[in-house]
$ cat data_22.txt   # compact mmCIF, C-alpha atoms
# COMPACT_ATOMS: atom_id res chain seq x y z
CA MET C 358 10.88 -56.54 1.86
CA ALA C 359 13.58 -57.56 -0.62
CA GLU C 360 12.10 -61.06 -0.98
CA ILE C 361 8.64 -59.62 -1.67
CA PHE C 362 10.13 -57.06 -4.06
CA ASP C 363 11.63 -59.88 -6.12
CA LYS C 364 8.09 -61.18 -6.70
CA MET C 365 6.85 -57.85 -8.04
CA LYS C 366 6.88 -56.36 -11.54
CA VAL C 367 7.79 -52.74 -10.81
CA GLU C 368 10.24 -51.01 -13.15
CA PHE C 369 12.51 -48.15 -12.17
CA VAL C 370 14.53 -45.69 -14.24
CA ASP C 371 18.29 -46.01 -13.95
CA GLN C 372 19.61 -43.00 -12.04
CA ASP C 373 23.32 -43.08 -11.21
CA GLU C 374 23.77 -39.40 -10.33
CA SER C 375 25.11 -38.75 -6.84
CA VAL C 376 23.35 -35.97 -4.94
CA GLN C 377 26.56 -35.33 -3.05
CA ALA C 378 28.24 -34.56 -6.40
CA VAL C 379 25.29 -32.34 -7.40
CA ALA C 380 25.63 -30.45 -4.12
CA ASP C 381 29.32 -29.89 -4.77
CA ASN C 382 28.53 -28.50 -8.24
CA ILE C 383 26.07 -25.96 -6.80
CA HIS C 384 29.01 -24.21 -5.17
CA ASP C 385 30.17 -23.40 -8.70
CA THR C 386 26.88 -22.79 -10.56
CA GLY C 387 24.73 -21.46 -7.71
CA GLU C 388 21.67 -23.17 -9.20
CA VAL C 389 19.74 -26.23 -8.01
CA PRO C 390 18.97 -28.54 -10.98
CA GLU C 391 15.28 -28.42 -11.92
CA ARG C 392 14.75 -32.10 -11.13
CA TYR C 393 15.38 -31.35 -7.45
CA VAL C 394 13.36 -28.13 -7.13
CA ARG C 395 10.19 -28.72 -5.10
CA SER C 396 7.73 -25.88 -5.57
CA GLU C 397 5.19 -27.51 -3.24
CA ILE C 398 7.32 -26.74 -0.18
CA LYS C 399 6.15 -23.12 -0.03
CA ALA C 400 2.51 -24.18 -0.42
CA ASP C 401 2.64 -26.62 2.52
CA PRO C 402 0.98 -25.77 5.85
CA VAL C 403 2.97 -23.60 8.25
CA ILE C 404 5.60 -25.46 10.24
CA VAL C 405 4.80 -25.44 13.92
CA ASP C 406 7.45 -24.70 16.54
CA ALA C 407 8.27 -28.07 18.10
CA GLU C 408 8.01 -26.65 21.64
CA GLY C 409 4.29 -27.36 21.69
CA TYR C 410 4.57 -30.60 19.77
CA ASN C 411 7.03 -32.86 21.52
CA LEU C 412 7.00 -36.54 20.61
CA PRO C 413 6.00 -38.92 23.40
CA VAL C 414 8.97 -40.55 25.13
CA ILE C 415 8.74 -44.25 25.98
CA ASP C 416 11.15 -45.86 28.44
CA MET C 417 12.01 -49.43 27.40
CA SER C 418 13.31 -50.30 30.86
CA ARG C 419 9.91 -49.41 32.34
CA LEU C 420 8.09 -51.48 29.72
CA LEU C 421 10.08 -54.52 30.82
CA ASN C 422 9.82 -53.83 34.57
CA PRO C 423 6.69 -55.50 36.09
CA GLU C 424 6.37 -52.64 38.56
CA PHE C 425 5.97 -50.00 35.84
CA SER C 426 5.02 -51.98 32.71
CA GLU C 427 1.25 -51.39 32.90
CA GLU C 428 1.63 -47.61 33.12
CA GLU C 429 4.34 -47.46 30.42
CA THR C 430 2.37 -49.78 28.13
CA ALA C 431 -0.60 -47.42 28.37
CA LYS C 432 1.73 -44.54 27.40
CA LEU C 433 2.97 -46.56 24.45
CA GLY C 434 -0.58 -47.27 23.32
CA SER C 435 -1.50 -43.60 23.55
CA ALA C 436 1.59 -42.66 21.51
CA CYS C 437 0.72 -45.18 18.79
CA GLU C 438 -2.92 -44.06 18.64
CA ASN C 439 -2.45 -40.30 18.78
CA TRP C 440 0.99 -39.75 17.26
CA GLY C 441 2.16 -42.84 15.39
CA PHE C 442 5.65 -41.83 16.53
CA PHE C 443 7.60 -41.93 19.78
CA GLN C 444 11.16 -41.68 21.03
CA LEU C 445 12.45 -44.83 22.72
CA VAL C 446 14.99 -44.36 25.52
CA ASN C 447 16.83 -46.85 27.75
CA HIS C 448 16.65 -49.43 24.97
CA ARG C 449 19.67 -51.22 26.43
CA PHE C 450 21.76 -51.01 23.29
CA ASN C 451 25.48 -51.34 23.72
CA GLY C 452 26.76 -47.76 23.57
CA GLY C 453 29.95 -48.89 21.86
CA LEU C 454 27.93 -50.60 19.12
CA LEU C 455 25.95 -47.44 18.40
CA GLN C 456 29.14 -45.40 18.17
CA LYS C 457 30.69 -48.00 15.86
CA ILE C 458 27.73 -48.13 13.48
CA LYS C 459 27.72 -44.34 13.30
CA ALA C 460 31.46 -44.25 12.60
CA ASP C 461 31.27 -46.93 9.89
CA ILE C 462 28.35 -45.26 8.11
CA THR C 463 30.06 -41.87 8.21
CA GLU C 464 33.25 -43.38 6.81
CA PHE C 465 31.39 -45.11 3.96
CA PHE C 466 29.76 -41.89 2.77
CA SER C 467 33.09 -40.08 2.95
CA LEU C 468 34.60 -42.49 0.40
CA PRO C 469 35.21 -41.26 -3.18
CA LEU C 470 32.15 -41.71 -5.40
CA GLU C 471 33.76 -44.44 -7.52
CA GLU C 472 34.30 -46.57 -4.41
CA LYS C 473 30.66 -46.16 -3.29
CA LEU C 474 29.51 -47.09 -6.82
CA ALA C 475 31.10 -50.52 -6.29
CA VAL C 476 27.82 -51.35 -4.52
CA ALA C 477 25.53 -49.31 -6.81
CA ILE C 478 21.85 -50.20 -7.22
CA PRO C 479 21.48 -52.21 -10.47
CA PRO C 480 18.75 -51.41 -13.04
CA ASN C 481 15.31 -52.24 -11.59
CA GLY C 482 17.06 -53.21 -8.35
CA ILE C 483 16.31 -52.18 -4.80
CA GLN C 484 19.53 -52.90 -2.89
CA GLY C 485 22.75 -50.90 -3.05
CA PHE C 486 23.94 -47.29 -3.20
CA GLY C 487 22.26 -44.54 -5.21
CA HIS C 488 18.76 -43.13 -5.78
CA HIS C 489 15.70 -45.05 -4.66
CA PHE C 490 12.41 -45.62 -6.50
CA VAL C 491 12.88 -43.41 -9.54
CA PHE C 492 9.86 -44.26 -11.71
CA SER C 493 10.33 -41.81 -14.60
CA LYS C 494 12.72 -39.28 -16.12
CA GLU C 495 10.25 -36.52 -15.19
CA GLN C 496 9.98 -37.47 -11.52
CA LYS C 497 11.20 -34.94 -8.98
CA LEU C 498 14.15 -36.30 -7.03
CA ASP C 499 14.86 -36.28 -3.32
CA TRP C 500 18.02 -34.57 -2.09
CA VAL C 501 19.60 -37.75 -0.69
CA ASP C 502 22.04 -40.54 -1.48
CA ILE C 503 21.03 -43.86 0.05
CA LEU C 504 22.44 -47.28 0.79
CA PHE C 505 19.61 -49.82 0.97
CA LEU C 506 20.25 -53.34 2.31
CA ALA C 507 18.14 -56.37 3.14
CA THR C 508 19.53 -57.31 6.55
CA ARG C 509 17.37 -60.15 7.93
CA PRO C 510 16.80 -63.05 7.68
CA VAL C 511 20.54 -63.57 7.32
CA GLU C 512 20.17 -66.12 4.53
CA GLU C 513 18.43 -63.53 2.33
CA ARG C 514 21.27 -61.02 2.42
CA SER C 515 22.89 -60.04 -0.88
CA LEU C 516 26.41 -59.40 0.35
CA ALA C 517 27.45 -58.07 -3.05
CA PHE C 518 25.76 -54.82 -1.96
CA TRP C 519 27.35 -54.76 1.51
CA PRO C 520 30.37 -52.43 1.48
CA THR C 521 33.78 -53.84 2.35
CA LYS C 522 35.05 -50.37 3.23
CA PRO C 523 35.37 -49.71 6.06
CA SER C 524 36.51 -53.25 6.85
CA THR C 525 34.34 -53.42 9.98
CA PHE C 526 31.12 -52.40 8.18
CA ARG C 527 29.62 -55.85 7.66
CA ASP C 528 30.30 -57.11 11.17
CA THR C 529 28.98 -53.93 12.76
CA MET C 530 25.85 -53.97 10.60
CA ASP C 531 25.22 -57.62 11.47
CA LYS C 532 25.33 -56.92 15.20
CA TYR C 533 23.20 -53.79 14.91
CA SER C 534 20.53 -55.56 12.84
CA LEU C 535 20.30 -58.40 15.39
CA GLU C 536 19.85 -55.96 18.28
CA LEU C 537 17.03 -54.18 16.44
CA SER C 538 15.38 -57.46 15.50
CA ASN C 539 15.26 -58.49 19.15
CA LEU C 540 13.98 -55.07 20.14
CA SER C 541 11.20 -55.23 17.55
CA VAL C 542 9.94 -58.52 19.00
CA GLN C 543 9.78 -57.00 22.47
CA LEU C 544 7.84 -53.99 21.20
CA PHE C 545 5.42 -56.08 19.11
CA LYS C 546 4.64 -58.14 22.22
CA VAL C 547 3.99 -55.04 24.32
CA MET C 548 1.78 -53.65 21.56
CA ALA C 549 -0.21 -56.89 21.49
CA ASN C 550 -0.77 -56.62 25.24
CA ASN C 551 -1.90 -53.02 24.85
CA LEU C 552 -4.29 -53.97 22.05
CA GLY C 553 -5.64 -56.97 23.94
CA VAL C 554 -4.73 -59.46 21.20
CA ASN C 555 -2.76 -62.68 21.21
CA GLN C 556 0.97 -61.96 20.83
CA GLU C 557 1.43 -64.73 18.28
CA ALA C 558 -1.47 -63.40 16.19
CA LEU C 559 0.38 -60.10 15.82
CA LEU C 560 3.86 -61.59 15.45
CA GLY C 561 2.61 -64.11 12.87
CA THR C 562 2.37 -61.37 10.25
CA PHE C 563 6.10 -60.74 10.75
CA LYS C 564 7.17 -64.39 10.76
CA GLY C 565 10.91 -64.64 10.21
CA LEU C 566 11.24 -60.98 11.16
CA PRO C 567 12.08 -59.57 7.68
CA GLN C 568 14.21 -56.48 8.11
CA SER C 569 15.86 -53.95 5.79
CA MET C 570 17.82 -50.75 6.26
CA ARG C 571 17.85 -47.49 4.37
CA ILE C 572 20.96 -45.49 5.24
CA ASN C 573 20.49 -41.86 4.24
CA TYR C 574 23.07 -39.22 3.42
CA TYR C 575 21.51 -35.76 3.01
CA PRO C 576 24.11 -33.29 1.66
CA PRO C 577 23.75 -29.65 2.72
CA CYS C 578 22.19 -27.30 0.19
CA SER C 579 22.65 -23.54 0.20
CA GLN C 580 19.12 -23.28 -1.24
CA ALA C 581 17.59 -25.70 1.25
CA ASP C 582 14.15 -24.09 0.91
CA LYS C 583 13.93 -25.44 -2.66
CA VAL C 584 14.67 -29.14 -2.04
CA LEU C 585 13.39 -32.04 0.03
CA GLY C 586 15.53 -34.79 1.49
CA LEU C 587 12.62 -37.21 1.51
CA SER C 588 9.16 -36.64 0.04
CA PRO C 589 6.10 -36.82 2.32
CA HIS C 590 5.19 -40.48 2.82
CA THR C 591 4.17 -43.18 5.23
CA ASP C 592 6.15 -46.40 5.71
CA GLY C 593 4.67 -49.49 4.03
CA VAL C 594 5.97 -51.80 6.77
CA GLY C 595 5.11 -52.78 10.33
CA MET C 596 7.45 -50.59 12.33
CA THR C 597 10.49 -48.37 11.68
CA PHE C 598 13.43 -47.44 13.90
CA LEU C 599 15.38 -44.27 13.05
CA LEU C 600 18.87 -43.65 14.41
CA GLN C 601 20.46 -40.21 14.02
CA VAL C 602 24.07 -40.75 12.97
CA ASN C 603 24.96 -37.10 13.59
CA ASP C 604 23.22 -34.31 15.50
CA VAL C 605 21.67 -32.53 12.49
CA GLU C 606 17.86 -32.43 12.57
CA GLY C 607 15.62 -32.83 9.54
CA LEU C 608 12.74 -35.20 10.32
CA GLN C 609 9.32 -33.54 10.15
CA ILE C 610 5.94 -35.04 11.02
CA ARG C 611 2.51 -33.92 9.85
CA LYS C 612 0.39 -33.34 12.94
CA ASP C 613 -2.98 -31.57 13.01
CA GLY C 614 -2.55 -30.68 9.35
CA ARG C 615 0.80 -28.93 9.85
CA TRP C 616 4.46 -29.91 9.82
CA PHE C 617 6.70 -29.77 12.85
CA SER C 618 10.34 -30.70 13.34
CA VAL C 619 11.38 -33.55 15.61
CA LYS C 620 14.09 -32.78 18.14
CA ALA C 621 15.72 -36.15 18.70
CA ILE C 622 16.86 -37.03 22.22
CA PRO C 623 20.57 -37.97 22.18
CA GLY C 624 20.89 -41.75 22.17
CA ALA C 625 17.16 -42.33 21.57
CA LEU C 626 15.61 -44.27 18.71
CA VAL C 627 12.73 -42.60 16.92
CA VAL C 628 10.08 -45.27 16.33
CA ASN C 629 7.11 -44.97 14.00
CA ILE C 630 4.10 -47.10 13.17
CA GLY C 631 3.91 -48.29 9.56
CA ASP C 632 0.96 -48.89 7.24
CA VAL C 633 0.83 -52.60 8.06
CA LEU C 634 0.28 -51.97 11.77
CA GLU C 635 -2.43 -49.41 11.03
CA VAL C 636 -4.26 -52.03 8.96
CA LEU C 637 -3.69 -54.86 11.46
CA THR C 638 -5.05 -52.72 14.31
CA ASN C 639 -8.03 -51.65 12.18
CA GLY C 640 -6.95 -48.03 12.45
CA GLN C 641 -6.35 -47.97 16.20
CA TYR C 642 -2.63 -47.34 15.69
CA LYS C 643 -1.77 -44.61 13.17
CA SER C 644 0.78 -44.53 10.34
CA ILE C 645 1.71 -40.86 10.11
CA GLU C 646 2.99 -38.89 7.15
CA HIS C 647 6.54 -37.62 7.51
CA ARG C 648 9.32 -36.10 5.42
CA ALA C 649 12.96 -34.96 5.64
CA VAL C 650 14.15 -31.41 5.08
CA ILE C 651 17.68 -30.23 4.34
CA ASN C 652 20.15 -28.20 6.35
CA PRO C 653 21.77 -25.34 4.38
CA VAL C 654 25.27 -25.83 5.81
CA LYS C 655 25.53 -29.29 7.42
CA GLU C 656 25.19 -32.84 6.16
CA ARG C 657 22.65 -35.12 7.86
CA ILE C 658 23.04 -38.90 8.13
CA THR C 659 20.42 -41.36 9.44
CA ILE C 660 19.71 -45.09 9.48
CA ALA C 661 16.08 -46.16 9.05
CA THR C 662 15.44 -49.83 9.88
CA PHE C 663 12.20 -51.33 8.58
CA HIS C 664 10.49 -54.40 10.03
CA SER C 665 8.34 -55.81 7.28
CA VAL C 666 5.81 -58.56 6.66
CA SER C 667 6.74 -62.09 5.66
CA LEU C 668 6.23 -63.43 2.14
CA GLY C 669 2.88 -65.16 1.73
CA CYS C 670 1.18 -63.63 4.75
CA THR C 671 -2.22 -61.93 4.68
CA ILE C 672 -2.54 -58.30 5.73
CA GLY C 673 -5.87 -57.28 7.18
CA PRO C 674 -7.46 -56.28 10.50
CA LEU C 675 -6.83 -58.80 13.28
CA GLN C 676 -9.95 -60.83 14.00
CA GLU C 677 -9.73 -60.19 17.75
CA LEU C 678 -10.17 -56.47 17.09
CA LEU C 679 -13.32 -56.93 14.98
CA LYS C 680 -15.53 -58.16 17.81
CA ALA C 681 -16.68 -54.64 18.59
CA GLY C 682 -17.12 -53.45 15.01
CA GLU C 683 -16.60 -53.96 11.30
CA ALA C 684 -13.32 -54.09 9.39
CA ARG C 685 -12.23 -50.68 8.10
CA TYR C 686 -9.54 -51.94 5.71
CA LYS C 687 -9.30 -54.39 2.82
CA VAL C 688 -7.49 -57.71 3.16
CA LEU C 689 -4.53 -58.27 0.80
CA ASP C 690 -1.66 -60.72 0.51
CA SER C 691 1.79 -59.31 1.26
CA VAL C 692 2.97 -59.15 -2.37
CA GLU C 693 -0.18 -57.33 -3.53
CA PHE C 694 0.04 -54.96 -0.56
CA THR C 695 3.69 -54.07 -1.19
CA LYS C 696 3.23 -53.71 -4.94
CA GLY C 697 0.31 -51.31 -4.36
CA TYR C 698 2.42 -49.28 -1.94
CA PHE C 699 5.24 -48.75 -4.44
CA SER C 700 2.87 -48.23 -7.35
CA ALA C 701 1.40 -45.28 -5.43
CA LYS C 702 4.90 -43.76 -5.69
CA LEU C 703 5.20 -42.99 -1.98
CA GLU C 704 2.75 -40.08 -2.17
CA GLY C 705 1.77 -39.28 1.40
CA ARG C 706 -1.07 -41.45 2.73
CA ARG C 707 -2.51 -42.04 -0.72
CA TYR C 708 -2.13 -45.81 -0.74
CA LEU C 709 -3.21 -46.31 2.85
CA GLU C 710 -6.37 -44.28 2.30
CA SER C 711 -7.17 -46.40 -0.78
CA LEU C 712 -7.30 -49.50 1.43
CA LYS C 713 -10.12 -48.16 3.57
CA LEU C 714 -13.57 -49.70 3.17
$ encode --input "data_22.txt" --output "structure tokens"
Amino acid sequence: MAEIFDKMKVEFVDQDESVQAVADNIHDTGEVPERYVRSEIKADPVIVDAEGYNLPVIDMSRLLNPEFSEEETAKLGSACENWGFFQLVNHRFNGGLLQKIKADITEFFSLPLEEKLAVAIPPNGIQGFGHHFVFSKEQKLDWVDILFLATRPVEERSLAFWPTKPSTFRDTMDKYSLELSNLSVQLFKVMANNLGVNQEALLGTFKGLPQSMRINYYPPCSQADKVLGLSPHTDGVGMTFLLQVNDVEGLQIRKDGRWFSVKAIPGALVVNIGDVLEVLTNGQYKSIEHRAVINPVKERITIATFHSVSLGCTIGPLQELLKAGEARYKVLDSVEFTKGYFSAKLEGRRYLESLKL
């Protein structure tokens, strides 16, 4: 994504205010700054109790086991078509690595603000620590501090934005990004089998396996019903992996016109289909709107890892899926697609719907 972003002409407003510092100030003033107040929250559809809306659970070990792969692949396909989200268990990650990445991320966000600002997002930049995608001074802001990094291919990393504190951060991040890259290839191949398309035809859109990470720190807010950690949006990528760094919930998915909260399984990765996969599959797989809400007393920390398209590729329905019907989406090159996504200012499914024929 970072390589494509460099080709675009999208300007952002410099915003160096830390939400963590704003949250600390609320203890004194008792008031949420107007730029963070989201009046639309109360107007949104009623949030459904998650008991009746549990995300599908996919077992990676069964996907890779010839004895169970056909059945589990069908479950995966159903999850992608009907939910656009699933929880992935038994993904064979080193447990020690997951604990280390969680510890390093937690330590980074506990550093004094001036030390975090050593890797601040520069004007009109995308990588680093701070606020993301602030288009105007009037724009409502999300209640989150982020660290955004381009992680793969390795040669495209901008290490100036990779923290040196804690000292193990870079090495841990490198190992974690490699594990997720390998996992994404396995899942893309299973998805191709489920769709009945050539694996290389699907993987070709993600040549070089571009990957980036958005590490989110959501401070608690005593007036949590007035703010949003992340505005409703879909992901303009192929596939996203979300790791909960701590046990505080906040992810909500729009299902059947209403929002419900996701209860993450300990140790699981929450996986969601992005806009690119919805287009490639001609709408068979769904990119679902989601958001993050805030806890009134506890911080929430997550790592979202995006697997994006390669520079110069074409994004449109796969030809093998058009034999039974017409294309439902426009065909765009990767730069035009990504520019359109950001120009739509991450407003729900607005951009994705504009691509339909």
$ closest_residue --input "data_22.txt" --among "C:Ser618, C:Gln609, C:Ser418, C:Ser691" --to "Val633 (chain C)" --atoms "all atoms listed in the file"
C:Ser691
$ residues_around --input "data_22.txt" --residues "region 621-632 of chain C" --least-positions-apart "6" --cutoff "8 Å" --atoms "all atoms listed in the file" --output "ChimeraX atom specification"
/C:437,441-448,591-601,606,642-645,709
$ write_last_selection --input "data_22.txt" --atoms "C-alpha atoms" --output "short mmCIF file (atom, residue, chain, number, x, y, z; two decimals), keeping the file's coordinate frame"
data_model
loop_
_atom_site.label_atom_id
_atom_site.label_comp_id
_atom_site.auth_asym_id
_atom_site.auth_seq_id
_atom_site.Cartn_x
_atom_site.Cartn_y
_atom_site.Cartn_z
CA CYS C 437 0.72 -45.18 18.79
CA GLY C 441 2.16 -42.84 15.39
CA PHE C 442 5.65 -41.83 16.53
CA PHE C 443 7.60 -41.93 19.78
CA GLN C 444 11.16 -41.68 21.03
CA LEU C 445 12.45 -44.83 22.72
CA VAL C 446 14.99 -44.36 25.52
CA ASN C 447 16.83 -46.85 27.75
CA HIS C 448 16.65 -49.43 24.97
CA THR C 591 4.17 -43.18 5.23
CA ASP C 592 6.15 -46.40 5.71
CA GLY C 593 4.67 -49.49 4.03
CA VAL C 594 5.97 -51.80 6.77
CA GLY C 595 5.11 -52.78 10.33
CA MET C 596 7.45 -50.59 12.33
CA THR C 597 10.49 -48.37 11.68
CA PHE C 598 13.43 -47.44 13.90
CA LEU C 599 15.38 -44.27 13.05
CA LEU C 600 18.87 -43.65 14.41
CA GLN C 601 20.46 -40.21 14.02
CA GLU C 606 17.86 -32.43 12.57
CA TYR C 642 -2.63 -47.34 15.69
CA LYS C 643 -1.77 -44.61 13.17
CA SER C 644 0.78 -44.53 10.34
CA ILE C 645 1.71 -40.86 10.11
CA LEU C 709 -3.21 -46.31 2.85
#
$ residues_around --input "data_22.txt" --residues "Glu391 (chain C)" --least-positions-apart "3" --cutoff "10 Å" --atoms "only C-alpha atoms" --output "short mmCIF file (atom, residue, chain, number, x, y, z; two decimals) with C-alpha atoms, keeping the file's coordinate frame"
data_model
loop_
_atom_site.label_atom_id
_atom_site.label_comp_id
_atom_site.auth_asym_id
_atom_site.auth_seq_id
_atom_site.Cartn_x
_atom_site.Cartn_y
_atom_site.Cartn_z
CA GLU C 388 21.67 -23.17 -9.20
CA VAL C 394 13.36 -28.13 -7.13
CA ARG C 395 10.19 -28.72 -5.10
CA LYS C 497 11.20 -34.94 -8.98
CA LEU C 498 14.15 -36.30 -7.03
CA LYS C 583 13.93 -25.44 -2.66
CA VAL C 584 14.67 -29.14 -2.04
#
$ closest_residue --input "data_22.txt" --among "C:Leu566, C:Ala701, C:Leu678, C:Val602" --to "Ala460 (chain C)" --atoms "all atoms listed in the file"
C:Val602
$ residues_around --input "data_22.txt" --residues "Asn639 (chain C)" --least-positions-apart "3" --cutoff "9 Å" --atoms "all atoms listed in the file" --output "CSV table (one decimal) with C-alpha atoms, keeping the file's coordinate frame"
chain,number,residue,atom,x,y,z
C,634,LEU,CA,0.3,-52.0,11.8
C,635,GLU,CA,-2.4,-49.4,11.0
C,636,VAL,CA,-4.3,-52.0,9.0
C,642,TYR,CA,-2.6,-47.3,15.7
C,673,GLY,CA,-5.9,-57.3,7.2
C,674,PRO,CA,-7.5,-56.3,10.5
C,675,LEU,CA,-6.8,-58.8,13.3
C,678,LEU,CA,-10.2,-56.5,17.1
C,679,LEU,CA,-13.3,-56.9,15.0
C,683,GLU,CA,-16.6,-54.0,11.3
C,684,ALA,CA,-13.3,-54.1,9.4
C,685,ARG,CA,-12.2,-50.7,8.1
C,686,TYR,CA,-9.5,-51.9,5.7
$ residues_near_point --input "data_22.txt" --point "(13.5, -37.3, -3.5)" --cutoff "9 Å" --atoms "only C-alpha atoms" --output "MDAnalysis selection string"
chainID C and resid 393 488:491 496:501 584:588
$ closest_residue --input "data_22.txt" --among "C:Ile658, C:Asn555, C:Leu712, C:Gly565" --to "Glu512 (chain C)" --atoms "all atoms listed in the file"
C:Gly565
$ atom_distance --input "data_22.txt" --atom1 "CA of Arg571 (chain C)" --atom2 "CA of Gln556 (chain C)"
27.7 Å
$ closest_residue --input "data_22.txt" --among "C:Leu470, C:Pro479, C:Gln484, C:Thr638" --to "Glu677 (chain C)" --atoms "only C-alpha atoms"
C:Thr638
$ atom_distance --input "data_22.txt" --atom1 "CA of Thr525 (chain C)" --atom2 "CA of Leu455 (chain C)"
13.3 Å
$ closest_residue --input "data_22.txt" --among "C:Phe699, C:Arg657, C:Arg707, C:Gly669" --to "Gly561 (chain C)" --atoms "only C-alpha atoms"
C:Gly669
$ closest_residue --input "data_22.txt" --among "C:Ser569, C:Lys457, C:Trp440, C:Met548" --to "His647 (chain C)" --atoms "all atoms listed in the file"
C:Trp440
$ atom_distance --input "data_22.txt" --atom1 "CA of Pro567 (chain C)" --atom2 "CA of Ala477 (chain C)"
22.3 Å
$ residues_around --input "data_22.txt" --residues "Glu557 (chain C)" --least-positions-apart "4" --cutoff "12 Å" --atoms "all atoms listed in the file" --output "list of chain:residue names"
C:Val542, C:Phe545, C:Lys546, C:Val547, C:Met548, C:Ala549, C:Asn550, C:Gly553, C:Gly561, C:Thr562, C:Phe563, C:Lys564, C:Leu675
$ residues_around --input "data_22.txt" --residues "Thr463 (chain C)" --least-positions-apart "3" --cutoff "12 Å" --atoms "all atoms listed in the file" --output "list in words"
Gln456, Lys457, Ile458, Lys459, Ala460, Phe466, Ser467, Leu468, Leu504, Lys522, Pro523, Phe526, Ile572, Asn573, Tyr574, Tyr575, Gln601, Val602, Asn603, Glu656, Arg657, Ile658, Thr659 and Ile660 of chain C
$ axis_aligned_box --input "data_22.txt" --around "region 484-489 of chain C" --padding-each-side "5 Å" --output "JSON"
{"center_x": 19.8, "center_y": -48.0, "center_z": -4.3, "size_x": 18.2, "size_y": 19.8, "size_z": 12.9}
$ decode --input "data_22.txt" --residues "region 628-640 of chain C" --atoms "N, CA, C and O atoms" --output "short mmCIF file (atom, residue, chain, number, x, y, z; two decimals), in the first residue's frame"
data_model
loop_
_atom_site.label_atom_id
_atom_site.label_comp_id
_atom_site.auth_asym_id
_atom_site.auth_seq_id
_atom_site.Cartn_x
_atom_site.Cartn_y
_atom_site.Cartn_z
N VAL C 628 -10.18 -12.47 10.89
CA VAL C 628 -9.84 -12.26 9.48
C VAL C 628 -11.05 -11.66 8.77
O VAL C 628 -12.18 -12.11 8.99
N ASN C 629 -10.80 -10.65 7.94
CA ASN C 629 -11.92 -10.11 7.15
C ASN C 629 -11.55 -9.91 5.69
O ASN C 629 -10.39 -9.66 5.35
N ILE C 630 -12.54 -10.05 4.85
CA ILE C 630 -12.40 -9.87 3.42
C ILE C 630 -12.38 -8.38 3.11
O ILE C 630 -13.18 -7.62 3.65
N GLY C 631 -11.47 -7.95 2.25
CA GLY C 631 -11.38 -6.55 1.86
C GLY C 631 -12.08 -6.28 0.54
O GLY C 631 -12.55 -7.20 -0.15
N ASP C 632 -12.12 -5.00 0.17
CA ASP C 632 -12.80 -4.58 -1.05
C ASP C 632 -12.23 -5.27 -2.29
O ASP C 632 -12.97 -5.61 -3.22
N VAL C 633 -10.92 -5.45 -2.33
CA VAL C 633 -10.30 -6.05 -3.51
C VAL C 633 -10.82 -7.46 -3.75
O VAL C 633 -11.14 -7.83 -4.89
N LEU C 634 -10.93 -8.25 -2.69
CA LEU C 634 -11.44 -9.62 -2.85
C LEU C 634 -12.91 -9.63 -3.26
O LEU C 634 -13.35 -10.49 -4.01
N GLU C 635 -13.70 -8.67 -2.76
CA GLU C 635 -15.09 -8.62 -3.20
C GLU C 635 -15.15 -8.37 -4.71
O GLU C 635 -15.94 -9.01 -5.42
N VAL C 636 -14.32 -7.46 -5.19
CA VAL C 636 -14.31 -7.17 -6.63
C VAL C 636 -13.79 -8.37 -7.43
O VAL C 636 -14.38 -8.77 -8.44
N LEU C 637 -12.68 -8.95 -7.00
CA LEU C 637 -12.09 -10.09 -7.71
C LEU C 637 -13.08 -11.25 -7.82
O LEU C 637 -13.12 -11.95 -8.84
N THR C 638 -13.86 -11.48 -6.76
CA THR C 638 -14.80 -12.60 -6.75
C THR C 638 -16.15 -12.21 -7.35
O THR C 638 -17.10 -12.99 -7.28
N ASN C 639 -16.22 -11.00 -7.91
CA ASN C 639 -17.46 -10.51 -8.54
C ASN C 639 -18.63 -10.48 -7.56
O ASN C 639 -19.77 -10.75 -7.92
N GLY C 640 -18.30 -10.19 -6.30
CA GLY C 640 -19.33 -10.06 -5.28
C GLY C 640 -19.66 -11.34 -4.53
O GLY C 640 -20.49 -11.32 -3.62
#
